[in-house]
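Student: Coordinates in target30.csv, CSV, C-alpha atoms, are listed below.
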chain,number,residue,atom,x,y,z
A,1,MET,CA,-36.0,12.2,-91.9
A,2,ASN,CA,-33.9,13.1,-95.0
A,3,ARG,CA,-30.6,14.9,-94.5
A,4,PHE,CA,-29.1,17.3,-97.0
A,5,THR,CA,-25.8,16.5,-98.5
A,6,MET,CA,-23.0,19.0,-98.2
A,7,ALA,CA,-23.3,19.9,-101.9
A,8,LYS,CA,-27.1,20.3,-101.8
A,9,LEU,CA,-26.9,22.5,-98.6
A,10,LYS,CA,-24.2,24.7,-100.2
A,11,GLN,CA,-26.4,25.2,-103.3
A,12,LEU,CA,-29.4,26.2,-101.1
A,13,VAL,CA,-27.7,28.9,-99.0
A,14,ALA,CA,-26.5,32.4,-99.9
A,15,ARG,CA,-23.1,32.0,-98.4
A,16,PRO,CA,-21.7,28.5,-99.1
A,17,ASP,CA,-18.3,29.3,-97.7
A,18,VAL,CA,-19.6,29.1,-94.1
A,19,VAL,CA,-21.2,25.6,-94.4
A,20,GLU,CA,-19.2,23.0,-92.4
A,21,MET,CA,-19.2,19.3,-92.4
A,22,HIS,CA,-21.3,18.9,-89.2
A,23,ASP,CA,-24.0,21.4,-90.3
A,24,VAL,CA,-25.9,18.8,-92.3
A,25,THR,CA,-26.6,16.8,-89.2
A,26,THR,CA,-28.7,19.5,-87.4
A,27,GLN,CA,-32.5,19.6,-87.2
A,28,ASP,CA,-32.7,22.7,-89.5
A,29,PRO,CA,-29.5,23.2,-91.5
A,30,LYS,CA,-30.7,26.2,-93.5
A,31,LEU,CA,-31.6,28.0,-90.3
A,32,LEU,CA,-28.2,27.2,-88.8
A,33,VAL,CA,-26.3,28.6,-91.8
A,34,HIS,CA,-28.6,31.7,-91.8
A,35,LEU,CA,-27.7,32.3,-88.1
A,36,LYS,CA,-24.0,31.9,-88.9
A,37,VAL,CA,-24.1,34.7,-91.5
A,38,THR,CA,-26.3,37.0,-89.4
A,39,ARG,CA,-24.6,40.3,-88.7
A,40,ASN,CA,-23.0,40.7,-85.2
A,41,SER,CA,-23.2,37.0,-84.4
A,42,VAL,CA,-20.3,35.3,-82.8
A,43,LEU,CA,-19.3,31.9,-84.2
A,44,VAL,CA,-18.7,28.8,-82.1
A,45,PRO,CA,-14.9,28.4,-81.7
A,46,TRP,CA,-13.4,25.6,-83.9
A,47,HIS,CA,-11.8,23.8,-81.0
A,48,TRP,CA,-15.2,22.7,-79.5
A,49,CYS,CA,-15.1,19.4,-81.4
A,50,VAL,CA,-11.4,18.7,-81.1
A,51,THR,CA,-10.4,15.9,-78.8
A,52,ARG,CA,-7.1,17.5,-77.8
A,53,LYS,CA,-7.4,20.0,-74.9
A,54,TYR,CA,-7.4,23.7,-75.8
A,55,LEU,CA,-4.0,25.4,-75.7
A,56,GLN,CA,-2.1,22.2,-75.0
A,57,GLY,CA,-0.1,22.7,-78.2
A,58,LYS,CA,1.8,25.6,-76.5
A,59,ARG,CA,3.7,23.3,-74.2
A,60,GLY,CA,7.5,23.5,-74.6
A,61,ILE,CA,7.4,27.0,-76.1
A,62,GLU,CA,9.6,29.4,-74.2
A,63,LYS,CA,8.0,32.6,-73.3
A,64,PRO,CA,10.0,35.8,-73.9
A,65,PRO,CA,10.6,37.7,-70.7
A,66,PHE,CA,8.0,40.3,-69.7
A,67,LYS,CA,8.5,43.6,-71.3
A,68,LEU,CA,7.1,46.9,-70.1
A,69,ARG,CA,5.2,49.0,-72.5
A,70,GLU,CA,7.1,51.9,-74.1
A,71,PHE,CA,5.3,54.7,-72.3
A,72,ILE,CA,6.0,53.1,-68.9
A,73,GLN,CA,9.6,52.6,-69.7
A,74,HIS,CA,9.9,56.4,-70.2
A,75,THR,CA,9.3,56.9,-66.4
A,76,GLY,CA,12.7,55.4,-65.7
A,77,ILE,CA,11.2,53.0,-63.1
A,78,GLN,CA,13.3,50.1,-64.3
A,79,GLU,CA,16.6,51.9,-63.8
A,80,THR,CA,15.5,53.1,-60.4
A,81,ARG,CA,14.5,49.7,-59.3
A,82,GLU,CA,17.6,48.0,-60.5
A,83,ALA,CA,19.8,50.6,-58.8
A,84,LEU,CA,17.9,50.0,-55.5
A,85,GLN,CA,18.4,46.2,-55.8
A,86,GLU,CA,22.1,46.6,-56.5
A,87,LYS,CA,22.4,48.9,-53.4
A,88,GLU,CA,20.6,46.4,-51.2
A,89,GLN,CA,22.8,43.5,-52.4
A,90,LYS,CA,26.0,45.4,-51.7
A,91,MET,CA,24.9,46.2,-48.1
A,92,MET,CA,23.6,42.8,-47.1
A,93,LYS,CA,25.5,39.7,-46.2
A,94,PRO,CA,24.7,36.6,-48.2
A,95,LYS,CA,23.0,35.0,-45.2
A,96,MET,CA,20.7,38.0,-44.7
A,97,GLN,CA,19.6,38.2,-48.3
A,98,GLU,CA,17.4,35.1,-48.0
A,99,LYS,CA,15.7,36.4,-44.8
A,100,VAL,CA,15.0,40.0,-45.7
A,101,HIS,CA,11.7,41.0,-47.3
A,102,HIS,CA,11.4,43.9,-49.6
A,103,GLU,CA,10.2,47.0,-47.8
A,104,MET,CA,7.7,49.4,-49.5
A,105,GLY,CA,8.3,53.1,-49.9
A,106,LYS,CA,12.1,53.0,-50.6
A,107,ILE,CA,11.9,54.2,-54.2
A,108,ASP,CA,12.1,57.9,-54.8
A,109,ILE,CA,9.5,58.6,-57.5
A,110,ASP,CA,8.8,61.8,-59.5
A,111,TYR,CA,5.0,61.9,-59.3
A,112,GLN,CA,4.6,64.6,-62.0
A,113,ARG,CA,6.5,62.2,-64.4
A,114,LEU,CA,4.2,59.4,-63.5
A,115,HIS,CA,1.1,61.6,-64.0
A,116,ASP,CA,2.4,62.6,-67.5
A,117,THR,CA,3.1,59.0,-68.3
A,118,PHE,CA,-0.3,57.6,-67.5
A,119,PHE,CA,-2.5,60.5,-68.5
A,120,LYS,CA,-0.7,62.3,-71.3
A,121,TRP,CA,1.6,59.8,-73.1
A,122,GLN,CA,-0.4,56.5,-72.6
A,123,THR,CA,-0.9,54.5,-75.8
A,124,LYS,CA,-3.7,52.1,-76.5
A,125,PRO,CA,-2.8,48.4,-76.3
A,126,LYS,CA,-3.3,46.1,-79.3
A,127,LEU,CA,-6.9,44.9,-79.3
A,128,THR,CA,-8.8,42.4,-81.4
A,129,ILE,CA,-11.7,43.4,-83.5
A,130,HIS,CA,-15.3,42.3,-82.9
A,131,ARG,CA,-15.9,38.6,-83.8
A,132,ASP,CA,-12.2,37.9,-84.0
A,133,LEU,CA,-11.6,34.8,-81.9
A,134,TYR,CA,-8.4,33.8,-80.2
A,135,TYR,CA,-6.8,30.6,-81.5
A,136,GLU,CA,-3.6,28.7,-80.8
A,137,GLY,CA,-0.6,30.4,-82.3
A,138,LYS,CA,-2.4,33.8,-82.8
A,139,ASP,CA,0.1,35.6,-80.5
A,140,PHE,CA,3.0,34.4,-82.7
A,141,GLU,CA,1.5,35.9,-85.8
A,142,THR,CA,2.6,39.3,-87.1
A,143,ARG,CA,0.0,42.0,-87.2
A,144,VAL,CA,-0.3,43.8,-90.5
A,145,LYS,CA,-2.9,46.4,-89.5
A,146,GLU,CA,-2.5,48.4,-86.3
A,147,MET,CA,-5.7,49.6,-84.7
Is it possible to give me this structure as structure tokens?

Tutor:
Amino acid sequence: MNRFTMAKLKQLVARPDVVEMHDVTTQDPKLLVHLKVTRNSVLVPWHWCVTRKYLQGKRGIEKPPFKLREFIQHTGIQETREALQEKEQKMMKPKMQEKVHHEMGKIDIDYQRLHDTFFKWQTKPKLTIHRDLYYEGKDFETRVKEM
């Protein structure tokens, strides 16, 4: 069985930019390259052949604290919650703070404001486009085009 060289395979196909080093070792390299360039096909992620475990490079990176989305911040829920926690801390003794569990239903909420927030002012989150794969460090990149 004769294998194609990289140069020969790149000459034979219409899109030589998608030919990779391991494509020449397959049974039918021309068919593989044809499948890669087929419309609406999803490529195999690059990390499948890497010996290091996926996402292990993110160790030691400090995560920023969780941030509510803009339209949820307009409800004022953060301020209400912080005021309630401060009130509870003033009322309780230090020994009791460890034992007491948070009770539900203590926050006074304007339901009309919540309705407007989630049904009128809600914005779409940032999404990836079709065929766009996640890779290490993608979340640290700046997005040029908003969807």

Student: Can you list, as a count of residues only, every protein, DNA or RNA residue that comes within 10 Å of A:Tyr54 when you count all atoms listed in the file, leaving out same-chain residues fewer than 4 positions away?

Tutor: 6

Student: Which of these residues is nearest to A:Gln27, using all atoms listed in the file: A:Gln73, A:Asn2, A:Ser41, A:Gln11?

Tutor: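 When distances to A:Gln27 are compared using all atoms listed in the file, the smallest one comes from A:Asn2.
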
Student: Identify, on the basis of all atoms listed in the file, every residue whose closest approach to A:Leu35 does not exceed 12 Å; exclude the query and any residue fewer than 5 positions from it along the same chain; express the result as a ChimeraX atom specification.

Tutor: /A:13-15,18-19,23,28-30,40-44

Student: Just give me the gap between atom CA of A:Arg131 and atom CA of A:Pro45 in Å, one decimal is fine.

Tutor: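 That distance, rounded to one decimal, is 10.5 Å.
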